[in-house]
$ cat upload-v6.pdb   # PDB, C-alpha atoms and all ligand atoms
ATOM      1  CA  MET B 255     -90.496 -66.064 -53.246
ATOM      2  CA  ALA B 256     -88.560 -66.987 -56.394
ATOM      3  CA  ALA B 257     -85.652 -64.650 -57.100
ATOM      4  CA  TYR B 258     -86.911 -63.849 -60.583
ATOM      5  CA  VAL B 259     -89.947 -61.917 -59.363
ATOM      6  CA  GLN B 260     -87.781 -59.286 -57.676
ATOM      7  CA  GLN B 261     -86.584 -56.201 -59.561
ATOM      8  CA  PRO B 262     -82.813 -55.657 -59.363
ATOM      9  CA  ALA B 263     -82.192 -52.597 -57.192
ATOM     10  CA  SER B 264     -80.515 -50.447 -59.856
ATOM     11  CA  HIS B 265     -83.048 -51.389 -62.553
ATOM     12  CA  ALA B 266     -84.228 -47.835 -63.208
ATOM     13  CA  HIS B 267     -80.961 -45.930 -63.061
ATOM     14  CA  ALA B 268     -79.018 -46.541 -66.277
ATOM     15  CA  ALA B 269     -78.919 -43.489 -68.570
ATOM     16  CA  ASN B 270     -77.233 -44.831 -71.695
ATOM     17  CA  LEU B 271     -75.443 -47.828 -73.154
ATOM     18  CA  ARG B 272     -73.053 -45.938 -75.459
ATOM     19  CA  HIS B 273     -70.288 -48.330 -74.436
ATOM     20  CA  ASP B 274     -69.968 -51.189 -71.954
ATOM     21  CA  THR B 275     -68.897 -49.156 -68.949
ATOM     22  CA  ASP B 276     -71.940 -46.885 -69.116
ATOM     23  CA  PHE B 277     -73.387 -49.690 -66.998
ATOM     24  CA  SER B 278     -71.654 -49.921 -63.636
ATOM     25  CA  THR B 279     -70.538 -53.339 -62.447
ATOM     26  CA  GLU B 280     -73.703 -53.490 -60.311
ATOM     27  CA  GLN B 281     -75.871 -52.571 -63.308
ATOM     28  CA  LEU B 282     -74.056 -55.172 -65.395
ATOM     29  CA  ALA B 283     -74.961 -57.869 -62.877
ATOM     30  CA  ALA B 284     -78.494 -56.446 -62.624
ATOM     31  CA  VAL B 285     -79.095 -56.434 -66.373
ATOM     32  CA  LEU B 286     -78.080 -60.099 -66.581
ATOM     33  CA  GLU B 287     -80.493 -60.957 -63.761
ATOM     34  CA  LEU B 288     -83.260 -58.964 -65.396
ATOM     35  CA  SER B 289     -82.518 -60.699 -68.727
ATOM     36  CA  GLN B 290     -83.121 -64.052 -67.059
ATOM     37  CA  GLN B 291     -86.381 -62.745 -65.615
ATOM     38  CA  VAL B 292     -87.702 -61.459 -68.935
ATOM     39  CA  LYS B 293     -86.645 -64.709 -70.603
ATOM     40  CA  GLN B 294     -88.556 -66.772 -68.030
ATOM     41  CA  SER B 295     -91.621 -64.567 -67.949
ATOM     42  CA  ARG B 296     -92.299 -62.839 -71.275
ATOM     43  CA  GLN B 297     -95.940 -62.005 -70.465
ATOM     44  CA  ARG B 298     -95.062 -60.173 -67.262
ATOM     45  CA  TYR B 299     -93.210 -57.496 -69.243
ATOM     46  CA  ALA B 300     -95.596 -57.375 -72.229
ATOM     47  CA  GLY B 301     -96.863 -53.846 -71.456
ATOM     48  CA  SER B 302     -93.682 -52.328 -70.020
ATOM     49  CA  LEU B 303     -92.953 -50.031 -72.974
ATOM     50  CA  LYS B 304     -96.572 -49.210 -73.856
ATOM     51  CA  GLY B 305     -96.708 -45.799 -75.503
ATOM     52  CA  ARG B 306     -92.915 -45.615 -75.920
ATOM     53  CA  TYR B 307     -91.348 -45.149 -79.337
ATOM     54  CA  LEU B 308     -87.746 -45.701 -80.357
ATOM     55  CA  SER B 309     -85.601 -44.642 -83.319
ATOM     56  CA  LEU B 310     -83.408 -47.400 -84.719
ATOM     57  CA  LEU B 311     -80.558 -46.182 -86.942
ATOM     58  CA  PHE B 312     -78.320 -48.560 -88.890
ATOM     59  CA  GLU B 313     -75.295 -47.309 -90.815
ATOM     60  CA  LYS B 314     -74.135 -50.922 -91.327
ATOM     61  CA  PRO B 315     -75.997 -54.134 -92.238
ATOM     62  CA  SER B 316     -77.595 -56.277 -89.517
ATOM     63  CA  LEU B 317     -79.731 -59.375 -89.128
ATOM     64  CA  ARG B 318     -79.666 -60.190 -85.416
ATOM     65  CA  THR B 319     -79.361 -56.742 -83.861
ATOM     66  CA  ARG B 320     -82.010 -55.074 -85.955
ATOM     67  CA  LEU B 321     -84.566 -57.858 -85.732
ATOM     68  CA  THR B 322     -84.026 -58.540 -82.022
ATOM     69  CA  PHE B 323     -84.367 -54.850 -81.161
ATOM     70  CA  GLU B 324     -87.533 -54.539 -83.239
ATOM     71  CA  LEU B 325     -88.942 -57.696 -81.634
ATOM     72  CA  ALA B 326     -87.851 -56.707 -78.131
ATOM     73  CA  ILE B 327     -89.537 -53.300 -78.389
ATOM     74  CA  LYS B 328     -92.755 -54.770 -79.804
ATOM     75  CA  GLN B 329     -92.883 -57.643 -77.294
ATOM     76  CA  LEU B 330     -92.534 -55.053 -74.504
ATOM     77  CA  GLY B 331     -95.539 -53.184 -75.915
ATOM     78  CA  GLY B 332     -93.646 -50.298 -77.536
ATOM     79  CA  ASP B 333     -92.967 -49.507 -81.166
ATOM     80  CA  CYS B 334     -90.103 -48.266 -83.302
ATOM     81  CA  VAL B 335     -89.106 -46.748 -86.608
ATOM     82  CA  THR B 336     -85.988 -47.923 -88.417
ATOM     83  CA  GLN B 337     -83.715 -45.904 -90.695
ATOM     84  CA  VAL B 338     -80.951 -47.575 -92.707
ATOM     85  CA  GLY B 339     -77.993 -45.653 -94.169
ATOM     86  CA  ARG B 340     -75.495 -42.969 -93.177
ATOM     87  CA  ILE B 341     -76.999 -41.044 -90.280
ATOM     88  CA  ALA B 342     -75.610 -37.598 -91.032
ATOM     89  CA  ASP B 343     -75.705 -37.756 -94.794
ATOM     90  CA  ARG B 344     -78.060 -34.880 -95.622
ATOM     91  CA  GLU B 345     -77.702 -32.758 -92.502
ATOM     92  CA  PRO B 346     -75.455 -32.384 -89.454
ATOM     93  CA  LEU B 347     -75.609 -35.110 -86.824
ATOM     94  CA  LYS B 348     -76.630 -32.607 -84.161
ATOM     95  CA  ASP B 349     -79.714 -31.722 -86.215
ATOM     96  CA  VAL B 350     -80.627 -35.375 -86.755
ATOM     97  CA  ALA B 351     -80.320 -35.970 -83.005
ATOM     98  CA  ARG B 352     -82.555 -33.016 -82.147
ATOM     99  CA  ASN B 353     -85.192 -34.183 -84.621
ATOM    100  CA  LEU B 354     -85.284 -37.656 -83.096
ATOM    101  CA  ALA B 355     -85.654 -36.119 -79.634
ATOM    102  CA  ARG B 356     -88.889 -34.437 -80.753
ATOM    103  CA  TRP B 357     -90.480 -37.698 -81.891
ATOM    104  CA  THR B 358     -89.124 -40.624 -79.946
ATOM    105  CA  ASP B 359     -88.046 -41.697 -76.456
ATOM    106  CA  ALA B 360     -84.698 -43.407 -77.120
ATOM    107  CA  ILE B 361     -82.215 -44.177 -79.888
ATOM    108  CA  VAL B 362     -80.592 -47.468 -80.846
ATOM    109  CA  ALA B 363     -77.742 -46.888 -83.303
ATOM    110  CA  ARG B 364     -75.258 -48.998 -85.266
ATOM    111  CA  THR B 365     -72.497 -46.745 -86.515
ATOM    112  CA  PHE B 366     -69.009 -46.623 -87.923
ATOM    113  CA  ALA B 367     -67.494 -44.019 -85.563
ATOM    114  CA  GLN B 368     -68.019 -44.353 -81.814
ATOM    115  CA  GLU B 369     -68.219 -40.535 -81.761
ATOM    116  CA  THR B 370     -71.497 -40.754 -83.709
ATOM    117  CA  ILE B 371     -73.051 -42.634 -80.770
ATOM    118  CA  GLU B 372     -71.641 -40.153 -78.263
ATOM    119  CA  GLU B 373     -72.894 -37.166 -80.267
ATOM    120  CA  LEU B 374     -76.354 -38.649 -80.715
ATOM    121  CA  ALA B 375     -76.591 -38.963 -76.940
ATOM    122  CA  HIS B 376     -75.226 -35.462 -76.367
ATOM    123  CA  TRP B 377     -77.457 -33.633 -78.829
ATOM    124  CA  SER B 378     -80.669 -35.622 -78.366
ATOM    125  CA  GLY B 379     -80.558 -35.885 -74.574
ATOM    126  CA  LEU B 380     -82.241 -39.287 -75.075
ATOM    127  CA  PRO B 381     -80.994 -42.643 -73.818
ATOM    128  CA  VAL B 382     -78.798 -44.084 -76.577
ATOM    129  CA  VAL B 383     -77.925 -47.755 -77.031
ATOM    130  CA  ASN B 384     -74.854 -48.772 -79.016
ATOM    131  CA  ALA B 385     -75.987 -51.454 -81.467
ATOM    132  CA  LEU B 386     -72.325 -51.887 -82.616
ATOM    133  CA  SER B 387     -69.740 -49.310 -83.513
ATOM    134  CA  ASP B 388     -66.204 -49.721 -84.821
ATOM    135  CA  LEU B 389     -65.081 -49.792 -81.183
ATOM    136  CA  TYR B 390     -67.680 -51.675 -79.134
ATOM    137  CA  HIS B 391     -70.580 -54.140 -79.311
ATOM    138  CA  PRO B 392     -72.021 -54.005 -75.786
ATOM    139  CA  CYS B 393     -75.345 -55.752 -76.474
ATOM    140  CA  GLN B 394     -73.440 -58.691 -77.933
ATOM    141  CA  ALA B 395     -71.202 -58.985 -74.887
ATOM    142  CA  LEU B 396     -74.249 -58.929 -72.590
ATOM    143  CA  ALA B 397     -75.856 -61.780 -74.547
ATOM    144  CA  ASP B 398     -72.566 -63.669 -74.394
ATOM    145  CA  MET B 399     -72.305 -63.233 -70.623
ATOM    146  CA  LEU B 400     -75.892 -64.438 -70.228
ATOM    147  CA  THR B 401     -75.144 -67.471 -72.419
ATOM    148  CA  LEU B 402     -72.121 -68.388 -70.299
ATOM    149  CA  LYS B 403     -74.056 -67.809 -67.078
ATOM    150  CA  GLU B 404     -76.835 -70.118 -68.233
ATOM    151  CA  HIS B 405     -74.436 -72.771 -69.481
ATOM    152  CA  TYR B 406     -72.146 -72.906 -66.458
ATOM    153  CA  GLY B 407     -74.495 -71.607 -63.757
ATOM    154  CA  LYS B 408     -71.858 -69.011 -62.794
ATOM    155  CA  LEU B 409     -69.402 -66.570 -64.368
ATOM    156  CA  ARG B 410     -66.727 -65.862 -61.772
ATOM    157  CA  GLY B 411     -63.664 -68.048 -62.255
ATOM    158  CA  LEU B 412     -64.471 -69.172 -65.819
ATOM    159  CA  LYS B 413     -61.808 -68.770 -68.507
ATOM    160  CA  LEU B 414     -62.764 -67.203 -71.836
ATOM    161  CA  ALA B 415     -60.337 -67.437 -74.763
ATOM    162  CA  TYR B 416     -60.893 -65.083 -77.689
ATOM    163  CA  VAL B 417     -58.951 -65.957 -80.823
ATOM    164  CA  GLY B 418     -58.717 -63.793 -83.956
ATOM    165  CA  ASP B 419     -59.142 -60.063 -84.509
ATOM    166  CA  GLY B 420     -58.900 -57.634 -81.566
ATOM    167  CA  ASN B 421     -62.065 -55.833 -82.687
ATOM    168  CA  ASN B 422     -65.279 -54.267 -81.330
ATOM    169  CA  VAL B 423     -66.556 -57.629 -80.061
ATOM    170  CA  ALA B 424     -63.224 -58.378 -78.347
ATOM    171  CA  HIS B 425     -63.261 -54.932 -76.686
ATOM    172  CA  SER B 426     -66.752 -55.371 -75.247
ATOM    173  CA  LEU B 427     -66.011 -58.919 -74.088
ATOM    174  CA  LEU B 428     -62.901 -57.659 -72.297
ATOM    175  CA  LEU B 429     -64.782 -54.884 -70.497
ATOM    176  CA  CYS B 430     -67.613 -57.173 -69.363
ATOM    177  CA  ALA B 431     -65.588 -60.290 -68.549
ATOM    178  CA  ALA B 432     -63.036 -58.293 -66.545
ATOM    179  CA  ARG B 433     -65.762 -56.959 -64.257
ATOM    180  CA  LEU B 434     -67.533 -60.297 -63.840
ATOM    181  CA  GLY B 435     -64.424 -62.164 -62.723
ATOM    182  CA  ILE B 436     -63.937 -64.122 -65.982
ATOM    183  CA  HIS B 437     -60.272 -64.791 -66.809
ATOM    184  CA  THR B 438     -59.761 -63.685 -70.402
ATOM    185  CA  SER B 439     -57.001 -64.542 -72.883
ATOM    186  CA  ILE B 440     -56.999 -62.827 -76.253
ATOM    187  CA  ALA B 441     -54.778 -64.258 -79.004
ATOM    188  CA  THR B 442     -54.337 -62.172 -82.143
ATOM    189  CA  PRO B 443     -51.689 -61.772 -84.844
ATOM    190  CA  ALA B 444     -49.176 -59.013 -84.034
ATOM    191  CA  GLY B 445     -50.617 -55.659 -85.075
ATOM    192  CA  TYR B 446     -54.243 -56.857 -84.767
ATOM    193  CA  GLY B 447     -54.612 -56.846 -81.000
ATOM    194  CA  PRO B 448     -57.314 -55.030 -79.039
ATOM    195  CA  LYS B 449     -56.654 -51.328 -78.385
ATOM    196  CA  GLU B 450     -54.044 -50.888 -75.673
ATOM    197  CA  ARG B 451     -56.145 -48.381 -73.720
ATOM    198  CA  ILE B 452     -59.084 -50.810 -73.614
ATOM    199  CA  VAL B 453     -56.815 -53.664 -72.450
ATOM    200  CA  GLU B 454     -55.473 -51.338 -69.730
ATOM    201  CA  GLN B 455     -59.014 -50.353 -68.738
ATOM    202  CA  ALA B 456     -59.987 -54.050 -68.556
ATOM    203  CA  LYS B 457     -56.928 -54.861 -66.441
ATOM    204  CA  GLU B 458     -57.799 -52.031 -64.079
ATOM    205  CA  LEU B 459     -61.370 -53.333 -63.735
ATOM    206  CA  ALA B 460     -60.087 -56.880 -63.317
ATOM    207  CA  ARG B 461     -58.092 -55.819 -60.273
ATOM    208  CA  VAL B 462     -61.389 -55.419 -58.437
ATOM    209  CA  SER B 463     -62.941 -58.698 -59.629
ATOM    210  CA  GLY B 464     -59.793 -60.810 -59.461
ATOM    211  CA  ALA B 465     -59.957 -61.764 -63.144
ATOM    212  CA  GLU B 466     -56.743 -62.295 -65.093
ATOM    213  CA  ILE B 467     -56.517 -60.565 -68.457
ATOM    214  CA  GLU B 468     -53.823 -61.479 -70.958
ATOM    215  CA  THR B 469     -53.132 -60.633 -74.591
ATOM    216  CA  LEU B 470     -50.854 -62.902 -76.590
ATOM    217  CA  HIS B 471     -50.166 -64.203 -80.073
ATOM    218  CA  ASP B 472     -50.288 -67.977 -79.551
ATOM    219  CA  PRO B 473     -53.840 -69.330 -80.018
ATOM    220  CA  VAL B 474     -53.013 -72.739 -78.480
ATOM    221  CA  GLN B 475     -51.659 -71.083 -75.348
ATOM    222  CA  ALA B 476     -54.741 -68.836 -75.171
ATOM    223  CA  VAL B 477     -57.274 -71.683 -75.269
ATOM    224  CA  LYS B 478     -55.474 -73.824 -72.648
ATOM    225  CA  LEU B 479     -57.929 -74.627 -69.822
ATOM    226  CA  ALA B 480     -60.559 -72.352 -71.439
ATOM    227  CA  ASN B 481     -64.232 -72.984 -70.694
ATOM    228  CA  ALA B 482     -65.203 -71.010 -73.802
ATOM    229  CA  VAL B 483     -63.415 -70.378 -77.091
ATOM    230  CA  TYR B 484     -64.750 -67.347 -78.942
ATOM    231  CA  THR B 485     -64.021 -66.002 -82.400
ATOM    232  CA  ASP B 486     -65.406 -63.405 -84.795
ATOM    233  CA  VAL B 487     -64.884 -62.512 -88.451
ATOM    234  CA  TRP B 488     -61.336 -61.553 -89.450
ATOM    235  CA  ALA B 489     -62.534 -58.489 -91.417
ATOM    236  CA  SER B 490     -65.291 -56.496 -89.771
ATOM    237  CA  MET B 491     -67.859 -54.350 -91.549
ATOM    238  CA  GLY B 492     -65.949 -51.436 -93.063
ATOM    239  CA  GLN B 493     -62.724 -53.486 -93.478
ATOM    240  CA  GLU B 494     -63.750 -55.339 -96.625
ATOM    241  CA  ALA B 495     -60.760 -53.972 -98.597
ATOM    242  CA  GLU B 496     -58.395 -55.681 -96.136
ATOM    243  CA  ALA B 497     -60.150 -59.063 -96.272
ATOM    244  CA  GLU B 498     -57.631 -60.836 -98.543
ATOM    245  CA  GLU B 499     -54.583 -59.654 -96.607
ATOM    246  CA  ARG B 500     -56.261 -60.556 -93.321
ATOM    247  CA  LYS B 501     -57.061 -64.105 -94.554
ATOM    248  CA  LYS B 502     -53.328 -64.771 -94.788
ATOM    249  CA  ARG B 503     -52.420 -63.175 -91.461
ATOM    250  CA  PHE B 504     -55.234 -64.842 -89.524
ATOM    251  CA  ALA B 505     -55.052 -68.380 -90.993
ATOM    252  CA  PRO B 506     -53.262 -69.823 -87.898
ATOM    253  CA  TYR B 507     -56.090 -68.466 -85.716
ATOM    254  CA  GLN B 508     -58.896 -70.544 -87.233
ATOM    255  CA  VAL B 509     -61.030 -72.286 -84.613
ATOM    256  CA  ASN B 510     -61.044 -75.889 -85.822
ATOM    257  CA  ALA B 511     -61.199 -79.304 -84.153
ATOM    258  CA  SER B 512     -57.502 -79.296 -83.361
ATOM    259  CA  LEU B 513     -57.521 -75.843 -81.681
ATOM    260  CA  LEU B 514     -60.718 -76.594 -79.749
ATOM    261  CA  ALA B 515     -59.158 -79.874 -78.543
ATOM    262  CA  ALA B 516     -56.507 -77.779 -76.755
ATOM    263  CA  ALA B 517     -59.223 -76.169 -74.560
ATOM    264  CA  ARG B 518     -61.078 -77.955 -71.736
ATOM    265  CA  LYS B 519     -62.939 -81.048 -72.953
ATOM    266  CA  ASP B 520     -66.317 -79.499 -72.117
ATOM    267  CA  ALA B 521     -65.497 -76.044 -73.559
ATOM    268  CA  VAL B 522     -68.170 -74.269 -75.574
ATOM    269  CA  PHE B 523     -67.513 -72.568 -78.890
ATOM    270  CA  MET B 524     -68.882 -69.024 -79.185
ATOM    271  CA  HIS B 525     -69.380 -66.719 -82.167
ATOM    272  CA  CYS B 526     -71.382 -63.491 -82.392
ATOM    273  CA  LEU B 527     -72.419 -64.339 -85.987
ATOM    274  CA  PRO B 528     -72.421 -63.902 -88.914
ATOM    275  CA  ALA B 529     -69.742 -66.624 -89.236
ATOM    276  CA  LYS B 530     -67.563 -67.173 -92.258
ATOM    277  CA  ARG B 531     -67.170 -70.964 -92.332
ATOM    278  CA  GLY B 532     -63.768 -72.069 -93.614
ATOM    279  CA  LEU B 533     -62.160 -68.819 -92.395
ATOM    280  CA  GLU B 534     -62.309 -68.016 -88.673
ATOM    281  CA  VAL B 535     -64.214 -71.249 -87.895
ATOM    282  CA  THR B 536     -64.765 -74.569 -89.626
ATOM    283  CA  ASP B 537     -68.195 -75.839 -90.589
ATOM    284  CA  GLU B 538     -67.518 -78.851 -88.349
ATOM    285  CA  ILE B 539     -67.197 -76.670 -85.238
ATOM    286  CA  MET B 540     -70.177 -74.487 -86.160
ATOM    287  CA  GLU B 541     -72.320 -77.632 -86.440
ATOM    288  CA  SER B 542     -70.840 -79.376 -83.388
ATOM    289  CA  PRO B 543     -72.701 -79.783 -80.079
ATOM    290  CA  GLN B 544     -70.070 -77.512 -78.487
ATOM    291  CA  CYS B 545     -71.329 -74.533 -80.541
ATOM    292  CA  VAL B 546     -73.573 -72.162 -78.541
ATOM    293  CA  ALA B 547     -73.718 -69.417 -81.200
ATOM    294  CA  PHE B 548     -77.481 -69.771 -81.621
ATOM    295  CA  ASP B 549     -78.016 -69.543 -77.864
ATOM    296  CA  GLN B 550     -76.021 -66.303 -78.005
ATOM    297  CA  ALA B 551     -78.251 -65.096 -80.858
ATOM    298  CA  GLU B 552     -81.419 -65.971 -78.915
ATOM    299  CA  ASN B 553     -80.111 -64.176 -75.858
ATOM    300  CA  ARG B 554     -79.695 -60.952 -77.835
ATOM    301  CA  LEU B 555     -83.474 -60.624 -77.640
ATOM    302  CA  HIS B 556     -83.647 -61.131 -73.886
ATOM    303  CA  VAL B 557     -80.709 -58.926 -72.878
ATOM    304  CA  GLN B 558     -81.877 -56.107 -75.121
ATOM    305  CA  LYS B 559     -85.303 -56.204 -73.485
ATOM    306  CA  ALA B 560     -83.547 -55.893 -70.136
ATOM    307  CA  VAL B 561     -81.390 -53.014 -71.418
ATOM    308  CA  LEU B 562     -84.495 -51.154 -72.627
ATOM    309  CA  LEU B 563     -86.196 -51.683 -69.261
ATOM    310  CA  MET B 564     -83.101 -50.379 -67.443
ATOM    311  CA  LEU B 565     -83.070 -47.263 -69.625
ATOM    312  CA  LEU B 566     -86.761 -46.517 -70.103
ATOM    313  CA  GLU B 567     -88.874 -47.955 -67.318
TER     314      GLU B 567
HETATM  315  N1  LIG B 601     -74.065 -60.392 -83.956
HETATM  316  C1  LIG B 601     -74.628 -59.350 -84.571
HETATM  317  O1  LIG B 601     -74.582 -58.209 -84.118
HETATM  318  O2  LIG B 601     -75.277 -59.676 -85.725
HETATM  319  P1  LIG B 601     -75.834 -58.639 -86.800
HETATM  320  O3  LIG B 601     -74.645 -57.975 -87.445
HETATM  321  O4  LIG B 601     -76.596 -59.511 -87.782
HETATM  322  O5  LIG B 601     -76.715 -57.661 -86.125
HETATM  323  N1  LIG B 602     -66.791 -57.537 -85.699
HETATM  324  C1  LIG B 602     -67.952 -57.726 -86.531
HETATM  325  C2  LIG B 602     -69.144 -58.046 -85.693
HETATM  326  C3  LIG B 602     -70.418 -58.280 -86.462
HETATM  327  C4  LIG B 602     -71.585 -58.572 -85.583
HETATM  328  C5  LIG B 602     -68.171 -56.461 -87.334
HETATM  329  O1  LIG B 602     -68.028 -55.372 -86.786
HETATM  330  O2  LIG B 602     -68.477 -56.573 -88.519
END

$ encode --input "upload-v6.pdb" --output "structure tokens"
Amino acid sequence: MAAYVQQPASHAHAANLRHDTDFSTEQLAAVLELSQQVKQSRQRYAGSLKGRYLSLLFEKPSLRTRLTFELAIKQLGGDCVTQVGRIADREPLKDVARNLARWTDAIVARTFAQETIEELAHWSGLPVVNALSDLYHPCQALADMLTLKEHYGKLRGLKLAYVGDGNNVAHSLLLCAARLGIHTSIATPAGYGPKERIVEQAKELARVSGAEIETLHDPVQAVKLANAVYTDVWASMGQEAEAEERKKRFAPYQVNASLLAAARKDAVFMHCLPAKRGLEVTDEIMESPQCVAFDQAENRLHVQKAVLLMLLE
């Protein structure tokens, strides 16, 4: 019997995805397997969320996350309502959360503060999925892991180089890659590295998987022997006032033909999107055959379906 018709053992047991490590290492592997199953067999899961309703809350703009969650829920037979704007603008967050609990079965939220996600989970008692916060972007990292798994046919032993800002995307990549045995080098300007406690957490997790985690400042050193070179915007949502200053500090970290040439010949280029061409990446690299950014974007849909099945089925 083909492997994709089996349900991963821990399929039903995840409670939340407030941050990456809400999923155990086993659940992380299981959600990637389930993602491949739902990608191969859309019809089989078409009724899985029948009669289930979700609240989608977005404090920040979104193209991919919002549309792929709405599509994922509908393609699984459920439905959702979407609210855009500050979540606790007119009333306390704990009241918002308790309202949502009376109407819907789960919450997907994109927030500024990570605490907003944690409080929504606490006060609603519903499964909550982090759709990006200032600290993490777990759904993105899952799609990225799936993209690498599909491209290379394995994850353990690959080297991922992340070049640029030590931000939410970098944090989630660290926490997933470390557990899946992917060696990870993160090169950032001094003062813009990932949070020390998250690097320490990743190193601790990597001890079990055997992955090597390093943070450095030299982008050429970071991409040496890399199978994948990843970057993200230099100023994230909420940091617009720092954009000009950051342009100067991050200029040596642009992913261009010369930096990518320092990685393995067959390395892929990854970006969570939206990309700012001419800043963190050149147009040439975005349009090159090495770029898998649109595979990553497609995989958002599939991994998020798997996440919803893990939480709600
Ligand atoms: N990558 C990503 O999360 O894209 P959006 O900001 O468009 O949702
Ligand atoms: N780091 C970026 C990711 C966007 C998907 C941001 O937070 O704006």

$ resolve_selection --input "upload-v6.pdb" --expression "the PyMOL selection byres (((chain B and resi 423) around 10) and not hetatm)" --output "list in words"
Leu386, Ser387, Asp388, Leu389, Tyr390, His391, Pro392, Cys393, Gln394, Ala395, Tyr416, Asp419, Gly420, Asn421, Asn422, Ala424, His425, Ser426, Leu427, Leu428, Pro448, Tyr484, Thr485, Asp486, Val487, Ser490, His525 and Cys526 of chain B

$ residues_near_ligand --input "upload-v6.pdb" --ligand "ligand LIG 601 (chain B)" --cutoff "9 Å" --atoms "all atoms listed in the file" --output "PyMOL selection string"
chain B and resi 314-322+364+385-386+391+393-394+423+491+525-528+550-551+554

$ closest_residue --input "upload-v6.pdb" --among "B:Ser542, B:Gln493, B:Gln558, B:Gln368" --to "ligand LIG 602 (chain B)" --atoms "only C-alpha atoms and all ligand atoms"
B:Gln493

$ closest_residue --input "upload-v6.pdb" --among "B:Asp398, B:Thr279, B:Ser295, B:Ala511" --to "Ser463 in chain B" --atoms "all atoms listed in the file"
B:Thr279

$ resolve_selection --input "upload-v6.pdb" --expression "the PyMOL selection byres (((chain B and resi 354) around 12) and not hetatm)" --output "ChimeraX atom specification"
/B:307-311,334-337,341,347-353,355-363,374-375,377-382

$ resolve_selection --input "upload-v6.pdb" --expression "the PyMOL selection byres (((chain B and resi 545) around 10) and not hetatm)" --output "JSON list (two decimals) with C-alpha atoms, keeping the file's coordinate frame"
[["chain", "number", "residue", "atom", "x", "y", "z"],
["B", 482, "ALA", "CA", -65.20, -71.01, -73.80],
["B", 483, "VAL", "CA", -63.42, -70.38, -77.09],
["B", 484, "TYR", "CA", -64.75, -67.35, -78.94],
["B", 521, "ALA", "CA", -65.50, -76.04, -73.56],
["B", 522, "VAL", "CA", -68.17, -74.27, -75.57],
["B", 523, "PHE", "CA", -67.51, -72.57, -78.89],
["B", 524, "MET", "CA", -68.88, -69.02, -79.18],
["B", 525, "HIS", "CA", -69.38, -66.72, -82.17],
["B", 538, "GLU", "CA", -67.52, -78.85, -88.35],
["B", 539, "ILE", "CA", -67.20, -76.67, -85.24],
["B", 540, "MET", "CA", -70.18, -74.49, -86.16],
["B", 541, "GLU", "CA", -72.32, -77.63, -86.44],
["B", 542, "SER", "CA", -70.84, -79.38, -83.39],
["B", 543, "PRO", "CA", -72.70, -79.78, -80.08],
["B", 544, "GLN", "CA", -70.07, -77.51, -78.49],
["B", 546, "VAL", "CA", -73.57, -72.16, -78.54],
["B", 547, "ALA", "CA", -73.72, -69.42, -81.20],
["B", 548, "PHE", "CA", -77.48, -69.77, -81.62],
["B", 549, "ASP", "CA", -78.02, -69.54, -77.86],
["B", 550, "GLN", "CA", -76.02, -66.30, -78.00]]

$ atom_distance --input "upload-v6.pdb" --atom1 "CA of Glu404 in chain B" --atom2 "CA of Ala326 in chain B"
20.0 Å

$ closest_residue --input "upload-v6.pdb" --among "B:Leu330, B:Ala367, B:Leu286, B:Gln291" --to "Lys304 in chain B" --atoms "all atoms listed in the file"
B:Leu330

$ axis_aligned_box --input "upload-v6.pdb" --around "range 501-509 of chain B" --padding-each-side "3 Å" --output "JSON"
{"center_x": -56.7, "center_y": -67.7, "center_z": -89.7, "size_x": 14.6, "size_y": 15.1, "size_z": 16.2}

$ closest_residue --input "upload-v6.pdb" --among "B:Ile327, B:Val509, B:Ala489, B:Val535" --to "ligand LIG 602 (chain B)" --atoms "all atoms listed in the file"
B:Ala489

$ closest_residue --input "upload-v6.pdb" --among "B:Ala529, B:Ala269, B:Leu325, B:Leu434" --to "ligand LIG 602 (chain B)" --atoms "only C-alpha atoms and all ligand atoms"
B:Ala529

$ residues_near_point --input "upload-v6.pdb" --point "(-54.5, -59.7, -94.6)" --cutoff "12 Å" --atoms "only C-alpha atoms" --output "ChimeraX atom specification"
/B:419,443-446,488-489,493-505

$ atom_distance --input "upload-v6.pdb" --atom1 "CA of Arg410 in chain B" --atom2 "CA of Tyr507 in chain B"
26.3 Å

$ residues_around --input "upload-v6.pdb" --residues "Glu313 in chain B" --least-positions-apart "4" --cutoff "7 Å" --atoms "all atoms listed in the file" --output "ChimeraX atom specification"
/B:338-341,364-366

$ atom_distance --input "upload-v6.pdb" --atom1 "CA of Leu566 in chain B" --atom2 "CA of Ala397 in chain B"
19.3 Å

$ closest_residue --input "upload-v6.pdb" --among "B:Gly492, B:Gln508, B:Leu565, B:Ser278" --to "ligand LIG 602 (chain B)" --atoms "all atoms listed in the file"
B:Gly492

$ residues_near_point --input "upload-v6.pdb" --point "(-64.5, -56.9, -59.7)" --cutoff "12 Å" --atoms "all atoms listed in the file" --output "list of chain:residue names"
B:Ser278, B:Thr279, B:Glu280, B:Leu282, B:Ala283, B:Leu409, B:Arg410, B:Gly411, B:Leu429, B:Cys430, B:Ala431, B:Ala432, B:Arg433, B:Leu434, B:Gly435, B:Ile436, B:His437, B:Ala456, B:Lys457, B:Glu458, B:Leu459, B:Ala460, B:Arg461, B:Val462, B:Ser463, B:Gly464, B:Ala465, B:Glu466

$ residues_around --input "upload-v6.pdb" --residues "Gly305 in chain B" --least-positions-apart "3" --cutoff "8 Å" --atoms "all atoms listed in the file" --output "ChimeraX atom specification"
/B:331-333
